[in-house]
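Single-structure report; data block below.
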Amino acid sequence: MIRTVGVVGCGLMGSGIAQVSAEAGYRVVVREVSEGLLRKGLGRIEAFLAKGVEKGKVTPERKAEVLGRLEGTTSLESLAACDIVIEAAVESLDVKREVYRALDSACPPQTIFASNTSSLSITEMAAVTRRGARFVGLHFFNPVPLMKLVEVVRSPLTSPEVVEEVHAFALSLGKAPIRASDRTGFIVNRLLVPYLLDAVRAVEEGVGSVEDIDRGMELGCGHPMGPLTLLDFVGLDTTYYIANIMFDDFHERRFAPPPLLRRMVQAGLHGRKSGRGFYDYSQDPPKAMGGLV
Ligand code: CAA
Ligand code: NAD
């Protein structure tokens, strides 16, 4: 039975996962690598709930109750009493393997491990632990508090009972879970990532301006955000890691990171979280970057 949820990482995704778990009534322990990042991550949750109060969607009492269920830590060992640990660390196999080795020693054998990875192999991460049967993918979507979908991913090692338990857990968070097997990118990113990368290639090739490419997909296809706004939202760094992982696996051009994406990541233009990407977020409304290519 899941009562306490551990979350590794309080970045864009980890903070959202910690928030929705606390909103659903679970006790949550969220771990960051430093006190500074922990403050920033918990601040993001506080700000989201404060905006909810402003919008009249959340009462001040409810906000206090949700925040009261959240505990921050910088130690992985503090997650030892959790029934499920959801990992949302940076999209790097080396980093995630190191996290799982440490967690596997710290947590009792019954603790379920769930990775929020976008593109890494669940099987490969599970293999560094002694709990392959209790290891799943649990892929949330950004922004976690607003997006309904969660992909529940089983590896060949995952036990069917654990898949069912995690599926029920996702439902208890108010999410709509779908099931996928452990193929790189699962269902959504297999389709979404080539589209996002094609939008960068369209900028590179001068097919249209940043704004017009975005407007084209918003008004022509009914997408809530154009692809370049969405890239800024996801993080260009994260998309670049994902593209590299998918290209290494499939060796297909559609997954290859375009040179412009690489150059922007090298330049620290990581999108909304760094203040600049395809748009400059110091302006209101954000201004499309010109002269990138
Ligand atoms: N507290 C409570 N409720 C809030 C809130 C808050 N702080 N902020 C917003 N809401 C509510 C709003 O009141 C609104 O509710 P109603 O529908 O009842 O009016 C609802 O949430 C939507 O909010 P907004 O109107 O402010 O937002 P929007 O309509 O502009 O939509 C969005 C925002 C959901 C982000 C939308 O632009 C969207 O869907 N964008 C695309 C996101 C996407 O594609 N995400 C996937 C990325 S890929 C990924 O995640 C996978 C990966 O591995 C990379
Ligand atoms: P982020 O950059 O906002 O956060 C990264 C997190 O990793 C931070 O908490 C950071 O402290 C932590 N981290 C960095 N180095 C670390 C290390 N050496 N050891 C442990 N932790 C470390 O990234 P994010 O967007 O929250 O992505 C986190 C995970 O979620 C990734 O696997 C990503 O692919 C996945 N994901 C991202 C999105 C998205 O739209 N951004 C959507 C779904 C899934």
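Within each chain, counting starts at residue 1; across the structure tokens, chains are named A, B, ... in the order shown, with ligands numbered 1 upward in that order.
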
Contact residues around stretch 132-137 of chain A with only C-alpha atoms at 12 Å, ignoring same-chain residues under 5 positions, as number ranges by chain
A: 83-88, 100, 104, 108-127, 150-167, 170, 177-186

How would you write, as a list of chain:residue names, the set of residues no farther than 6 Å from ligand 2 when counting only C-alpha atoms and all ligand atoms?
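I would give the residues around ligand 2 as A:Gly9, A:Cys10, A:Gly11, A:Leu12, A:Met13, A:Gly14, A:Glu32, A:Val33, A:Ala88, A:Ala89, A:Val90, A:Glu91, A:Val95, A:Asn116, A:Thr117, A:Ser118, A:Phe140, A:Phe141, A:Asn142, A:Val234, A:Gly235, A:Thr238.
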
A:Ser105 surroundings by only C-alpha atoms, 12 Å radius, close-in-sequence under 4 positions cut, as a ChimeraX atom specification:
/A:76-77,79-80,98-101,109,111,128-131

So which residues are near ligand 1, meaning at most 9 Å away with only C-alpha atoms and all ligand atoms counted, given back as an MDAnalysis selection string?
chainID A and resid 13 45 47:58 116:119 139:147 185 188:189 192:193 223:227 229:231 233:235 238:239 242

Would you give me, as a ChimeraX atom specification, the residues in stretch 8-209 of chain A that DSSP reads as alpha helix (DSSP H)?
/A:12-23,35-54,60-68,93-106,122-126,160-172,188-204

Taking only stretch 94-206 of chain A into account, list the residues labelled strand (DSSP E or B) by DSSP (computed from the backbone), as a PyMOL selection string.
chain A and resi 112-115+135-140+149-154+176-181

Tell me which of A:Cys82, A:Ala24, A:Val210, A:Val5 sits closest to A:Gly174, counting only C-alpha atoms.
A:Ala24

Straight-line distance linking atom CA of A:Tyr240 with atom CA of A:Ile187, stated in Å to one decimal
18.4 Å

For each of A:Lys175, A:Arg253, A:Arg39, A:Arg44, take the minimum atom-to-atom distance to A:Asp198, counting only C-alpha atoms, then give the residue where this is smallest.
A:Arg253

Between atom CA of A:Tyr281 and atom CA of A:Gly36, what is the distance in Å, rounded to a tenth?
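Rounded to one decimal, the two atoms are 22.4 Å apart.
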